[in-house]
>>> print(open('work_35.cif').read())   # mmCIF, C-alpha atoms and all ligand atoms
data_structure
loop_
_atom_site.label_atom_id
_atom_site.label_comp_id
_atom_site.auth_asym_id
_atom_site.auth_seq_id
_atom_site.Cartn_x
_atom_site.Cartn_y
_atom_site.Cartn_z
CA MET A 1 0.00 0.00 0.00
CA LYS A 2 1.23 3.49 -0.90
CA ARG A 3 2.51 5.81 1.86
CA PRO A 4 0.12 8.76 1.97
CA SER A 5 1.36 12.35 2.14
CA ALA A 6 -1.92 14.13 2.96
CA GLN A 7 -4.98 13.12 4.93
CA ILE A 8 -8.59 14.17 5.40
CA SER A 9 -8.39 15.36 9.02
CA ALA A 10 -12.12 16.04 9.43
CA VAL A 11 -15.28 16.60 7.41
CA GLY A 12 -18.54 18.50 7.87
CA ARG A 13 -21.80 19.01 6.01
CA SER A 14 -24.64 21.48 5.77
CA VAL A 15 -27.94 21.28 3.92
CA PRO A 16 -30.86 23.71 3.78
CA ALA A 17 -33.62 23.11 6.32
CA ARG A 18 -36.34 23.07 3.68
CA VAL A 19 -37.20 19.60 2.34
CA MET A 20 -39.04 19.14 -0.95
CA THR A 21 -40.60 15.71 -1.48
CA ASN A 22 -41.55 14.11 -4.78
CA TYR A 23 -45.17 14.92 -3.96
CA ASP A 24 -44.37 18.65 -3.82
CA PHE A 25 -43.77 18.87 -7.59
CA ALA A 26 -47.51 18.84 -8.25
CA ALA A 27 -47.83 22.18 -6.46
CA ILE A 28 -45.45 23.84 -8.96
CA GLY A 29 -47.19 22.33 -11.99
CA ILE A 30 -44.68 19.55 -12.78
CA GLU A 31 -46.35 16.46 -14.22
CA THR A 32 -44.65 13.62 -12.44
CA THR A 33 -45.26 11.05 -9.75
CA HIS A 34 -43.41 9.84 -6.69
CA GLU A 35 -43.42 6.35 -8.22
CA TRP A 36 -41.82 7.50 -11.51
CA ILE A 37 -39.05 9.37 -9.73
CA MET A 38 -38.39 6.57 -7.22
CA GLU A 39 -38.32 3.86 -9.87
CA ARG A 40 -35.97 5.74 -12.24
CA THR A 41 -33.72 7.46 -9.71
CA GLY A 42 -34.28 6.25 -6.14
CA ILE A 43 -34.83 9.87 -5.05
CA SER A 44 -37.65 10.56 -2.59
CA GLU A 45 -36.81 14.07 -1.37
CA ARG A 46 -34.17 16.78 -1.58
CA HIS A 47 -33.18 19.88 0.38
CA ILE A 48 -33.83 23.19 -1.38
CA ALA A 49 -32.25 26.49 -0.35
CA GLY A 50 -34.51 29.10 1.19
CA PRO A 51 -34.12 32.88 1.16
CA GLY A 52 -30.58 33.90 2.13
CA GLU A 53 -29.14 30.41 1.70
CA THR A 54 -26.38 30.50 -0.88
CA THR A 55 -23.51 28.41 -2.18
CA CYS A 56 -21.28 30.52 0.09
CA SER A 57 -23.44 30.22 3.22
CA LEU A 58 -23.93 26.45 2.88
CA GLY A 59 -20.22 25.96 2.16
CA ALA A 60 -19.13 28.16 5.07
CA ASP A 61 -21.44 26.29 7.46
CA ALA A 62 -20.02 22.92 6.38
CA ALA A 63 -16.49 24.35 6.63
CA ARG A 64 -16.98 25.60 10.20
CA ILE A 65 -18.05 22.11 11.29
CA ALA A 66 -15.07 20.44 9.58
CA MET A 67 -12.65 23.02 11.01
CA LYS A 68 -14.03 22.66 14.53
CA ARG A 69 -13.63 18.88 14.36
CA ALA A 70 -10.10 19.25 13.00
CA GLY A 71 -9.23 21.85 15.63
CA VAL A 72 -8.23 24.32 12.92
CA GLN A 73 -8.67 28.10 13.25
CA PRO A 74 -9.52 30.26 10.19
CA GLY A 75 -6.10 31.94 10.43
CA GLU A 76 -4.36 28.58 9.99
CA LEU A 77 -5.83 27.94 6.54
CA ASP A 78 -3.31 28.29 3.72
CA VAL A 79 -5.70 27.55 0.87
CA ILE A 80 -9.46 27.38 0.36
CA ILE A 81 -10.59 25.37 -2.65
CA LEU A 82 -14.27 25.48 -3.53
CA SER A 83 -15.67 23.02 -6.03
CA THR A 84 -18.98 24.16 -7.41
CA ALA A 85 -21.15 24.06 -10.51
CA SER A 86 -23.37 26.75 -9.03
CA PRO A 87 -21.20 29.70 -7.96
CA ASP A 88 -23.04 32.61 -6.37
CA ARG A 89 -21.55 35.00 -8.94
CA LEU A 90 -19.51 34.44 -12.09
CA LEU A 91 -16.82 36.83 -10.85
CA PRO A 92 -15.04 36.66 -8.46
CA ALA A 93 -14.76 33.06 -7.26
CA THR A 94 -17.26 32.11 -4.54
CA ALA A 95 -14.28 30.71 -2.60
CA VAL A 96 -13.24 34.26 -1.73
CA ASP A 97 -16.71 34.92 -0.29
CA ILE A 98 -16.26 31.84 1.90
CA GLN A 99 -12.81 33.11 2.88
CA ALA A 100 -14.30 36.47 3.90
CA VAL A 101 -17.14 34.88 5.88
CA LEU A 102 -14.73 32.57 7.73
CA GLY A 103 -12.14 35.33 8.32
CA ALA A 104 -9.38 33.18 6.85
CA THR A 105 -7.10 36.15 6.32
CA ARG A 106 -3.90 34.21 5.47
CA ALA A 107 -5.46 31.96 2.85
CA SER A 108 -5.60 32.08 -0.92
CA ALA A 109 -8.97 31.01 -2.29
CA PHE A 110 -10.16 29.81 -5.67
CA ASP A 111 -12.97 27.85 -7.32
CA ILE A 112 -12.64 24.72 -9.41
CA SER A 113 -15.18 23.59 -11.99
CA ALA A 114 -15.33 19.82 -12.36
CA ALA A 115 -19.09 19.30 -11.86
CA CYS A 116 -19.92 16.23 -9.78
CA CYS A 117 -16.23 15.22 -9.63
CA GLY A 118 -15.26 18.46 -7.88
CA PHE A 119 -14.56 16.93 -4.47
CA ILE A 120 -12.14 14.32 -5.84
CA TYR A 121 -10.48 16.81 -8.21
CA GLY A 122 -10.11 19.16 -5.21
CA LEU A 123 -8.69 16.40 -3.05
CA THR A 124 -6.07 15.73 -5.73
CA ILE A 125 -5.11 19.43 -5.89
CA ALA A 126 -4.95 19.67 -2.09
CA GLU A 127 -2.76 16.57 -1.87
CA GLY A 128 -0.42 17.99 -4.51
CA MET A 129 -0.12 21.32 -2.72
CA ILE A 130 0.68 19.65 0.59
CA ASN A 131 3.11 17.27 -1.09
CA SER A 132 4.97 20.12 -2.80
CA GLY A 133 5.17 22.19 0.38
CA ALA A 134 2.95 24.93 -1.08
CA ALA A 135 0.41 24.44 1.74
CA GLU A 136 0.14 22.86 5.17
CA THR A 137 -3.59 23.20 5.79
CA VAL A 138 -6.16 23.15 2.99
CA LEU A 139 -9.89 23.65 3.33
CA LEU A 140 -11.75 21.86 0.55
CA VAL A 141 -15.40 22.88 0.24
CA SER A 142 -17.91 21.38 -2.19
CA SER A 143 -21.05 23.47 -2.18
CA GLU A 144 -23.98 23.50 -4.56
CA LYS A 145 -27.18 25.44 -4.97
CA MET A 146 -28.39 23.32 -7.87
CA SER A 147 -31.92 24.69 -7.42
CA ALA A 148 -30.63 28.01 -8.84
CA ILE A 149 -29.39 26.51 -12.12
CA CYS A 150 -31.89 23.75 -12.89
CA ASP A 151 -34.93 24.34 -15.06
CA TRP A 152 -38.02 24.14 -12.86
CA THR A 153 -40.20 23.67 -15.97
CA ASP A 154 -38.28 20.58 -17.19
CA ARG A 155 -39.48 17.47 -15.38
CA ALA A 156 -36.64 15.37 -16.79
CA THR A 157 -34.04 17.36 -14.84
CA CYS A 158 -35.62 19.36 -12.01
CA VAL A 159 -36.62 16.24 -10.07
CA LEU A 160 -33.00 15.05 -9.91
CA PHE A 161 -31.12 17.76 -8.05
CA GLY A 162 -30.80 19.08 -4.51
CA ASP A 163 -28.80 21.69 -2.59
CA GLY A 164 -26.11 21.14 0.04
CA ALA A 165 -22.46 21.35 0.97
CA GLY A 166 -19.68 19.22 2.37
CA ALA A 167 -16.22 20.28 3.51
CA ALA A 168 -12.94 18.66 4.46
CA VAL A 169 -9.80 19.89 6.21
CA ILE A 170 -6.75 18.33 4.56
CA ARG A 171 -3.38 18.28 6.28
CA ARG A 172 -0.10 16.38 6.23
CA SER A 173 -0.54 12.66 6.78
CA GLN A 174 -0.09 11.18 10.23
CA LYS A 175 0.05 7.57 11.40
CA GLY A 176 -0.41 6.16 7.90
CA ARG A 177 -3.78 7.90 7.47
CA GLY A 178 -4.40 9.62 4.19
CA ILE A 179 -5.01 9.67 0.47
CA LEU A 180 -3.77 6.37 -0.98
CA SER A 181 -4.65 7.11 -4.60
CA THR A 182 -6.45 9.55 -6.86
CA PHE A 183 -7.50 9.12 -10.48
CA MET A 184 -9.00 11.80 -12.75
CA ARG A 185 -10.15 11.86 -16.35
CA SER A 186 -12.32 14.02 -18.61
CA ASP A 187 -13.65 14.00 -22.17
CA GLY A 188 -14.62 17.41 -23.50
CA THR A 189 -15.99 15.98 -26.76
CA LEU A 190 -19.04 14.98 -24.72
CA ALA A 191 -19.56 18.37 -23.04
CA ASP A 192 -22.89 19.06 -24.78
CA LEU A 193 -24.59 16.04 -23.21
CA LEU A 194 -24.85 17.80 -19.84
CA TYR A 195 -24.36 21.56 -19.83
CA ARG A 196 -25.70 25.07 -19.56
CA PRO A 197 -25.72 26.17 -23.22
CA ALA A 198 -25.79 29.94 -22.64
CA GLY A 199 -25.20 32.65 -20.08
CA GLY A 200 -21.39 32.56 -20.31
CA ALA A 201 -19.01 34.67 -22.41
CA THR A 202 -19.92 32.99 -25.72
CA THR A 203 -23.62 33.68 -25.43
CA PRO A 204 -24.05 36.23 -22.67
CA MET A 205 -27.27 36.56 -20.76
CA SER A 206 -29.99 38.31 -22.80
CA PRO A 207 -33.78 38.40 -22.95
CA ALA A 208 -33.59 35.72 -25.69
CA VAL A 209 -31.46 33.44 -23.49
CA LEU A 210 -33.81 33.91 -20.58
CA GLU A 211 -36.82 33.13 -22.72
CA ALA A 212 -35.24 30.00 -24.23
CA ARG A 213 -34.05 28.97 -20.75
CA THR A 214 -30.69 27.98 -22.21
CA HIS A 215 -28.83 29.41 -19.20
CA LEU A 216 -30.12 26.43 -17.20
CA VAL A 217 -28.99 22.79 -17.04
CA HIS A 218 -29.73 20.72 -20.16
CA MET A 219 -29.09 17.00 -20.14
CA ALA A 220 -29.32 13.98 -22.44
CA GLY A 221 -30.33 11.66 -19.60
CA ARG A 222 -29.88 8.29 -21.29
CA GLU A 223 -26.43 9.14 -22.66
CA VAL A 224 -25.34 10.44 -19.26
CA PHE A 225 -26.58 7.25 -17.64
CA LYS A 226 -24.64 5.01 -20.04
CA HIS A 227 -21.36 6.89 -19.70
CA ALA A 228 -21.73 7.26 -15.92
CA VAL A 229 -21.99 3.52 -15.34
CA ARG A 230 -19.04 2.70 -17.60
CA SER A 231 -16.76 5.46 -16.31
CA MET A 232 -17.50 5.01 -12.62
CA ALA A 233 -16.72 1.29 -12.79
CA GLU A 234 -13.47 2.01 -14.67
CA SER A 235 -12.54 4.72 -12.14
CA ALA A 236 -13.10 2.44 -9.17
CA GLY A 237 -10.72 -0.15 -10.60
CA ARG A 238 -8.08 2.48 -11.42
CA ALA A 239 -8.06 3.96 -7.89
CA LEU A 240 -7.75 0.47 -6.39
CA ASP A 241 -4.86 -0.44 -8.73
CA LEU A 242 -3.05 2.82 -7.96
CA ALA A 243 -3.44 2.16 -4.22
CA ARG A 244 -2.36 -1.47 -4.78
CA LEU A 245 -5.52 -2.70 -3.07
CA ASN A 246 -8.28 -5.17 -3.93
CA VAL A 247 -12.03 -4.71 -3.60
CA GLY A 248 -11.89 -6.93 -0.51
CA ASP A 249 -9.74 -4.29 1.24
CA ILE A 250 -12.48 -1.63 0.95
CA ASP A 251 -14.60 -0.95 4.04
CA LEU A 252 -17.00 1.38 2.23
CA LEU A 253 -17.66 2.55 -1.33
CA ILE A 254 -18.98 6.10 -1.49
CA PRO A 255 -20.18 6.73 -5.04
CA HIS A 256 -21.44 10.09 -6.28
CA GLN A 257 -25.14 10.12 -5.39
CA ALA A 258 -26.78 10.81 -8.75
CA ASN A 259 -29.15 7.95 -9.14
CA LEU A 260 -29.66 4.63 -7.34
CA ARG A 261 -29.51 2.65 -10.58
CA ILE A 262 -26.11 4.16 -11.46
CA ILE A 263 -24.88 3.40 -7.93
CA GLU A 264 -26.07 -0.22 -8.09
CA ALA A 265 -24.53 -0.75 -11.52
CA THR A 266 -21.22 0.75 -10.34
CA ALA A 267 -21.15 -1.52 -7.29
CA LYS A 268 -21.96 -4.56 -9.41
CA HIS A 269 -19.27 -3.83 -12.02
CA THR A 270 -16.72 -3.13 -9.28
CA GLY A 271 -17.59 -6.31 -7.37
CA ILE A 272 -18.52 -4.57 -4.12
CA PRO A 273 -21.68 -5.82 -2.35
CA MET A 274 -24.40 -3.21 -1.72
CA ASP A 275 -24.02 -3.58 2.06
CA LYS A 276 -20.61 -1.93 1.62
CA VAL A 277 -21.99 0.94 -0.49
CA TYR A 278 -23.18 4.16 1.10
CA VAL A 279 -26.46 5.41 -0.36
CA ASN A 280 -28.35 8.54 0.68
CA VAL A 281 -29.60 9.73 -2.70
CA GLU A 282 -33.19 9.07 -1.57
CA ARG A 283 -32.93 11.95 0.97
CA TYR A 284 -30.75 14.48 -0.88
CA GLY A 285 -31.14 13.93 -4.63
CA ASN A 286 -28.09 14.79 -6.70
CA THR A 287 -26.11 17.53 -4.94
CA SER A 288 -23.37 17.44 -7.60
CA SER A 289 -19.88 17.87 -6.09
CA ALA A 290 -21.29 18.04 -2.55
CA SER A 291 -22.69 14.52 -2.68
CA ILE A 292 -19.51 12.62 -1.77
CA PRO A 293 -18.44 14.76 1.23
CA ILE A 294 -22.04 14.85 2.52
CA ALA A 295 -22.16 11.04 2.29
CA LEU A 296 -18.69 10.66 3.84
CA ASP A 297 -19.68 12.89 6.77
CA GLU A 298 -22.92 10.95 7.31
CA ALA A 299 -21.14 7.60 7.14
CA MET A 300 -18.59 8.78 9.71
CA GLN A 301 -21.24 10.25 12.01
CA ARG A 302 -23.19 6.99 11.86
CA GLY A 303 -20.05 5.06 12.81
CA LEU A 304 -20.00 3.06 9.56
CA VAL A 305 -16.40 4.13 9.06
CA GLY A 306 -13.85 5.77 11.34
CA GLU A 307 -10.14 6.26 11.81
CA GLY A 308 -8.25 3.59 9.87
CA SER A 309 -11.17 2.62 7.60
CA ILE A 310 -10.45 2.36 3.89
CA VAL A 311 -12.93 4.22 1.72
CA LEU A 312 -13.23 4.23 -2.06
CA MET A 313 -14.88 7.32 -3.57
CA VAL A 314 -16.03 7.41 -7.21
CA ALA A 315 -17.68 10.19 -9.20
CA PHE A 316 -18.90 11.09 -12.68
CA GLY A 317 -20.25 14.38 -13.96
CA ALA A 318 -20.57 17.06 -16.61
CA GLY A 319 -17.58 17.54 -18.87
CA PHE A 320 -17.72 14.57 -18.89
CA THR A 321 -15.45 14.19 -15.91
CA TRP A 322 -14.83 11.05 -13.88
CA ALA A 323 -12.62 10.47 -10.89
CA SER A 324 -11.90 8.22 -7.95
CA SER A 325 -9.84 8.06 -4.79
CA VAL A 326 -8.97 5.60 -2.05
CA VAL A 327 -8.34 7.05 1.40
CA ARG A 328 -7.45 5.62 4.77
CA LEU A 329 -9.48 7.76 7.17
N1 LIG B 401 -41.86 12.22 -14.44
C1 LIG B 401 -42.58 11.51 -15.32
N2 LIG B 401 -42.16 11.28 -16.58
C2 LIG B 401 -40.98 11.78 -16.94
C3 LIG B 401 -40.17 12.53 -16.06
C4 LIG B 401 -40.67 12.74 -14.77
N3 LIG B 401 -39.96 13.43 -13.86
N4 LIG B 401 -39.04 12.88 -16.72
C5 LIG B 401 -39.13 12.39 -17.95
N5 LIG B 401 -40.30 11.72 -18.09
C6 LIG B 401 -40.82 11.04 -19.27
C7 LIG B 401 -40.25 11.60 -20.54
O1 LIG B 401 -40.95 12.75 -20.96
C8 LIG B 401 -40.42 10.44 -21.50
O2 LIG B 401 -41.77 10.44 -21.93
P1 LIG B 401 -42.14 10.07 -23.46
O3 LIG B 401 -41.68 8.66 -23.62
O4 LIG B 401 -43.60 10.24 -23.49
O5 LIG B 401 -41.35 11.03 -24.28
C9 LIG B 401 -40.23 9.22 -20.61
O6 LIG B 401 -40.38 9.69 -19.25
C10 LIG B 401 -38.89 8.57 -20.76
O7 LIG B 401 -37.90 9.60 -20.72
P2 LIG B 401 -36.38 9.26 -20.67
O8 LIG B 401 -35.58 10.52 -20.51
O9 LIG B 401 -36.02 8.36 -21.81
O10 LIG B 401 -36.33 8.42 -19.30
P3 LIG B 401 -35.19 7.53 -18.72
O11 LIG B 401 -35.67 6.18 -18.47
O12 LIG B 401 -33.90 7.68 -19.47
O13 LIG B 401 -34.98 8.20 -17.28
C11 LIG B 401 -33.47 9.73 -16.20
C12 LIG B 401 -34.60 9.57 -17.19
C13 LIG B 401 -33.97 9.35 -14.83
C14 LIG B 401 -33.01 11.17 -16.23
C15 LIG B 401 -32.31 8.77 -16.62
O14 LIG B 401 -31.98 8.95 -17.96
C16 LIG B 401 -31.10 8.98 -15.78
O15 LIG B 401 -31.08 8.69 -14.62
N6 LIG B 401 -30.00 9.49 -16.38
C17 LIG B 401 -28.83 9.85 -15.64
C18 LIG B 401 -28.91 11.29 -15.41
C19 LIG B 401 -28.27 11.78 -14.17
O16 LIG B 401 -28.25 11.14 -13.14
N7 LIG B 401 -27.81 12.99 -14.30
C20 LIG B 401 -27.29 13.70 -13.18
C21 LIG B 401 -26.17 14.54 -13.56
S1 LIG B 401 -24.79 13.61 -14.05
C22 LIG B 401 -24.35 12.86 -12.72
O17 LIG B 401 -24.43 13.40 -11.66
C23 LIG B 401 -23.84 11.49 -12.90
#
>>> encode(input="work_35.cif", output="structure tokens")
Amino acid sequence: MKRPSAQISAVGRSVPARVMTNYDFAAIGIETTHEWIMERTGISERHIAGPGETTCSLGADAARIAMKRAGVQPGELDVIILSTASPDRLLPATAVDIQAVLGATRASAFDISAACCGFIYGLTIAEGMINSGAAETVLLVSSEKMSAICDWTDRATCVLFGDGAGAAVIRRSQKGRGILSTFMRSDGTLADLLYRPAGGATTPMSPAVLEARTHLVHMAGREVFKHAVRSMAESAGRALDLARLNVGDIDLLIPHQANLRIIEATAKHTGIPMDKVYVNVERYGNTSSASIPIALDEAMQRGLVGEGSIVLMVAFGAGFTWASSVVRL
């Protein structure tokens, strides 16, 4: 097994108080049923941000919990990395808003855009910075207000997503704990299968864009499904190989929580039984990059894993991006 250089010292999560169930879609004129959504996705409810709840506020709340558990003060943070597909503003990075709210005056802060893979991409960057000596203490936040970027008139997408944030404090490895492997890939030729067509620099926001709703998430669901299953299974195997471990060494698989059927197919292809797979998609929906740290925090709080446990994390998302990591907690 590889000697780790950086470890996840502590994690935290925060989700909006407001819960929207599958039955609540009728009230906003969406033609769907609880049965359809459950059968296709395994999602029963999701948390949706209320007034004043933002990508920054959710991320900062999750960060405070992780920092308290790690015993880290805001002034000790060297770097704040925020992964998000739903930044509060396009400029500047929402990470600097989190920095300001936390009072992390010594830190540098920046956003990364890797969709649902953001937490694992961020983990890889944090590990590299610690390894190179560029940072001692990194705060990695994955925060999403997906409700602000999904199309609430499109039943094929709006039922899938939820809001929430997870955060991790990453420091130099101690006692063999840490990141044993990371694996990242992307394929930009498939970008148009899951994207926001307009609203950026190519097609800036305009009345026409607003009317066509092309500034919101568009997705070719079946294509995404197919690629997600294939890429997540491949990623799981690659992270295990890089860590020189076998599936039998894994205490818990934490897949990106997009859809129960994708999770089950990933587990099956990887050869990990479902009783070793963490699933909470039924209560949160797809919270994009926040889904893995939210699940990791829940699994730790429930005592399913703890110090010394070996966890495999696997994600797939827009880009397409796919990524995986094995950590010893
Ligand atoms: N309620 C009822 N009917 C619906 C709904 C809904 N919410 N959404 C779509 N339908 C209808 C469609 O209109 C279509 O009707 P039609 O046959 O009369 O035209 C029918 O259901 C079938 O539509 P499909 O899109 O082909 O349904 P599919 O079986 O592919 O399921 C789903 C759709 C659930 C989106 C599936 O493709 C999927 O899970 N894809 C993966 C997408 C995903 O998880 N994306 C998240 C982002 S990427 C990531 O995080 C991995």
>>> closest_atom_pairs(input="work_35.cif", of="chain A", to="ligand LIG 401 (chain B)", cutoff="8 Å", atoms="only C-alpha atoms and all ligand atoms", output="JSON lines")
{"residue": "A:Ile30", "atom": "CA", "partner": "B:LIG401", "partner_atom": "N3", "distance": 7.8}
{"residue": "A:Glu31", "atom": "CA", "partner": "B:LIG401", "partner_atom": "N1", "distance": 6.2}
{"residue": "A:Thr32", "atom": "CA", "partner": "B:LIG401", "partner_atom": "N1", "distance": 3.7}
{"residue": "A:Thr33", "atom": "CA", "partner": "B:LIG401", "partner_atom": "N1", "distance": 5.9}
{"residue": "A:Trp36", "atom": "CA", "partner": "B:LIG401", "partner_atom": "N1", "distance": 5.6}
{"residue": "A:Ile37", "atom": "CA", "partner": "B:LIG401", "partner_atom": "N3", "distance": 5.9}
{"residue": "A:Arg40", "atom": "CA", "partner": "B:LIG401", "partner_atom": "C13", "distance": 4.9}
{"residue": "A:Thr41", "atom": "CA", "partner": "B:LIG401", "partner_atom": "C13", "distance": 5.5}
{"residue": "A:Ala115", "atom": "CA", "partner": "B:LIG401", "partner_atom": "O17", "distance": 8.0}
{"residue": "A:Cys116", "atom": "CA", "partner": "B:LIG401", "partner_atom": "O17", "distance": 5.6}
{"residue": "A:Asp154", "atom": "CA", "partner": "B:LIG401", "partner_atom": "N4", "distance": 7.8}
{"residue": "A:Arg155", "atom": "CA", "partner": "B:LIG401", "partner_atom": "N3", "distance": 4.3}
{"residue": "A:Ala156", "atom": "CA", "partner": "B:LIG401", "partner_atom": "N4", "distance": 3.5}
{"residue": "A:Thr157", "atom": "CA", "partner": "B:LIG401", "partner_atom": "C14", "distance": 6.4}
{"residue": "A:Cys158", "atom": "CA", "partner": "B:LIG401", "partner_atom": "N3", "distance": 7.6}
{"residue": "A:Val159", "atom": "CA", "partner": "B:LIG401", "partner_atom": "N3", "distance": 5.8}
{"residue": "A:Leu160", "atom": "CA", "partner": "B:LIG401", "partner_atom": "C20", "distance": 6.7}
{"residue": "A:Phe161", "atom": "CA", "partner": "B:LIG401", "partner_atom": "C20", "distance": 7.6}
{"residue": "A:Leu194", "atom": "CA", "partner": "B:LIG401", "partner_atom": "S1", "distance": 7.1}
{"residue": "A:Met219", "atom": "CA", "partner": "B:LIG401", "partner_atom": "N7", "distance": 7.2}
{"residue": "A:Ala220", "atom": "CA", "partner": "B:LIG401", "partner_atom": "O14", "distance": 7.2}
{"residue": "A:Gly221", "atom": "CA", "partner": "B:LIG401", "partner_atom": "O14", "distance": 3.6}
{"residue": "A:Arg222", "atom": "CA", "partner": "B:LIG401", "partner_atom": "O14", "distance": 4.0}
{"residue": "A:Glu223", "atom": "CA", "partner": "B:LIG401", "partner_atom": "N6", "distance": 7.2}
{"residue": "A:Val224", "atom": "CA", "partner": "B:LIG401", "partner_atom": "C17", "distance": 5.1}
{"residue": "A:Phe225", "atom": "CA", "partner": "B:LIG401", "partner_atom": "C17", "distance": 4.0}
{"residue": "A:Lys226", "atom": "CA", "partner": "B:LIG401", "partner_atom": "C17", "distance": 7.8}
{"residue": "A:Ala228", "atom": "CA", "partner": "B:LIG401", "partner_atom": "C23", "distance": 5.6}
{"residue": "A:His256", "atom": "CA", "partner": "B:LIG401", "partner_atom": "O17", "distance": 7.0}
{"residue": "A:Gln257", "atom": "CA", "partner": "B:LIG401", "partner_atom": "O17", "distance": 7.1}
{"residue": "A:Ala258", "atom": "CA", "partner": "B:LIG401", "partner_atom": "O17", "distance": 4.5}
{"residue": "A:Asn259", "atom": "CA", "partner": "B:LIG401", "partner_atom": "O16", "distance": 5.2}
{"residue": "A:Arg261", "atom": "CA", "partner": "B:LIG401", "partner_atom": "O15", "distance": 7.4}
{"residue": "A:Ile262", "atom": "CA", "partner": "B:LIG401", "partner_atom": "O15", "distance": 7.4}
{"residue": "A:Asn286", "atom": "CA", "partner": "B:LIG401", "partner_atom": "O17", "distance": 6.3}
{"residue": "A:Ser288", "atom": "CA", "partner": "B:LIG401", "partner_atom": "O17", "distance": 5.8}
{"residue": "A:Ala315", "atom": "CA", "partner": "B:LIG401", "partner_atom": "C23", "distance": 7.3}
{"residue": "A:Phe316", "atom": "CA", "partner": "B:LIG401", "partner_atom": "C23", "distance": 5.0}
{"residue": "A:Gly317", "atom": "CA", "partner": "B:LIG401", "partner_atom": "C22", "distance": 4.5}
{"residue": "A:Ala318", "atom": "CA", "partner": "B:LIG401", "partner_atom": "S1", "distance": 6.0}
>>> atom_distance(input="work_35.cif", atom1="CA of Gly166 in chain A", atom2="CA of Arg89 in chain A")
19.5 Å
>>> residues_around(input="work_35.cif", residues="Arg171 in chain A", least_positions_apart="2", cutoff="10 Å", atoms="only C-alpha atoms", output="ChimeraX atom specification")
/A:5-10,70,77,126-127,130-131,135-139,168-169,173-174,178
>>> closest_residue(input="work_35.cif", among="A:Arg3, A:Ile254, A:Arg283, A:Ile98", to="Arg18 in chain A", atoms="all atoms listed in the file")
A:Arg283
>>> residues_around(input="work_35.cif", residues="Ser14 in chain A", least_positions_apart="2", cutoff="9 Å", atoms="all atoms listed in the file", output="list in words")
Gly12, Pro16, Leu58, Gly59, Ala60, Asp61, Ala62, Ala63, Ile65, Ser143, Gly164, Ala165, Gly166, Ala167 and Ile294 of chain A
>>> residues_around(input="work_35.cif", residues="range 190-192 of chain A", least_positions_apart="3", cutoff="9 Å", atoms="all atoms listed in the file", output="PyMOL selection string")
chain A and resi 187+195-197+218-220+318-320
>>> residues_around(input="work_35.cif", residues="range 201-206 of chain A", least_positions_apart="5", cutoff="12 Å", atoms="only C-alpha atoms", output="ChimeraX atom specification")
/A:90-91,196,211-216
>>> atom_distance(input="work_35.cif", atom1="CA of Gly42 in chain A", atom2="CA of Thr189 in chain A")
29.2 Å
>>> residues_around(input="work_35.cif", residues="Ser86 in chain A", least_positions_apart="4", cutoff="7 Å", atoms="all atoms listed in the file", output="list in words")
Glu144, Lys145, Met146 and Ile149 of chain A
>>> atom_distance(input="work_35.cif", atom1="CA of Gly162 in chain A", atom2="CA of Tyr121 in chain A")
20.8 Å
>>> closest_residue(input="work_35.cif", among="A:Ala85, A:Ile43, A:Ala148, A:Ala107", to="Gln73 in chain A", atoms="only C-alpha atoms")
A:Ala107
>>> closest_residue(input="work_35.cif", among="A:Val19, A:Met300, A:Ile81, A:Ala66", to="Glu45 in chain A", atoms="all atoms listed in the file")
A:Val19
>>> closest_residue(input="work_35.cif", among="A:Ile112, A:Leu304, A:Leu242, A:Ile170", to="Val72 in chain A", atoms="all atoms listed in the file")
A:Ile170
>>> axis_aligned_box(input="work_35.cif", around="range 151-161 of chain A", padding_each_side="5 Å", output="lines of an AutoDock Vina configuration file")
center_x = -35.7
center_y = 19.7
center_z = -12.6
size_x = 19.1
size_y = 19.3
size_z = 19.1
>>> build_atoms(input="work_35.cif", residues="range 192-197 of chain A", atoms="N, CA, C and O atoms", output="PDB file, in the coordinates of the input")
ATOM      1  N   ASP A 192     -21.514  18.614 -24.496  1.00  0.00           N
ATOM      2  CA  ASP A 192     -22.890  19.060 -24.780  1.00  0.00           C
ATOM      3  C   ASP A 192     -23.966  18.091 -24.312  1.00  0.00           C
ATOM      4  O   ASP A 192     -25.155  18.336 -24.526  1.00  0.00           O
ATOM      5  N   LEU A 193     -23.576  16.989 -23.693  1.00  0.00           N
ATOM      6  CA  LEU A 193     -24.590  16.040 -23.210  1.00  0.00           C
ATOM      7  C   LEU A 193     -25.127  16.443 -21.833  1.00  0.00           C
ATOM      8  O   LEU A 193     -26.158  15.947 -21.388  1.00  0.00           O
ATOM      9  N   LEU A 194     -24.402  17.320 -21.155  1.00  0.00           N
ATOM     10  CA  LEU A 194     -24.850  17.800 -19.840  1.00  0.00           C
ATOM     11  C   LEU A 194     -24.201  19.160 -19.629  1.00  0.00           C
ATOM     12  O   LEU A 194     -23.006  19.246 -19.333  1.00  0.00           O
ATOM     13  N   TYR A 195     -24.980  20.231 -19.842  1.00  0.00           N
ATOM     14  CA  TYR A 195     -24.360  21.560 -19.830  1.00  0.00           C
ATOM     15  C   TYR A 195     -25.390  22.663 -19.697  1.00  0.00           C
ATOM     16  O   TYR A 195     -26.594  22.418 -19.738  1.00  0.00           O
ATOM     17  N   ARG A 196     -24.866  23.874 -19.512  1.00  0.00           N
ATOM     18  CA  ARG A 196     -25.700  25.070 -19.560  1.00  0.00           C
ATOM     19  C   ARG A 196     -25.304  25.776 -20.851  1.00  0.00           C
ATOM     20  O   ARG A 196     -24.234  26.379 -20.926  1.00  0.00           O
ATOM     21  N   PRO A 197     -26.133  25.700 -21.894  1.00  0.00           N
ATOM     22  CA  PRO A 197     -25.720  26.170 -23.220  1.00  0.00           C
ATOM     23  C   PRO A 197     -25.355  27.656 -23.274  1.00  0.00           C
ATOM     24  O   PRO A 197     -24.489  28.048 -24.058  1.00  0.00           O
TER      25      PRO A 197
END
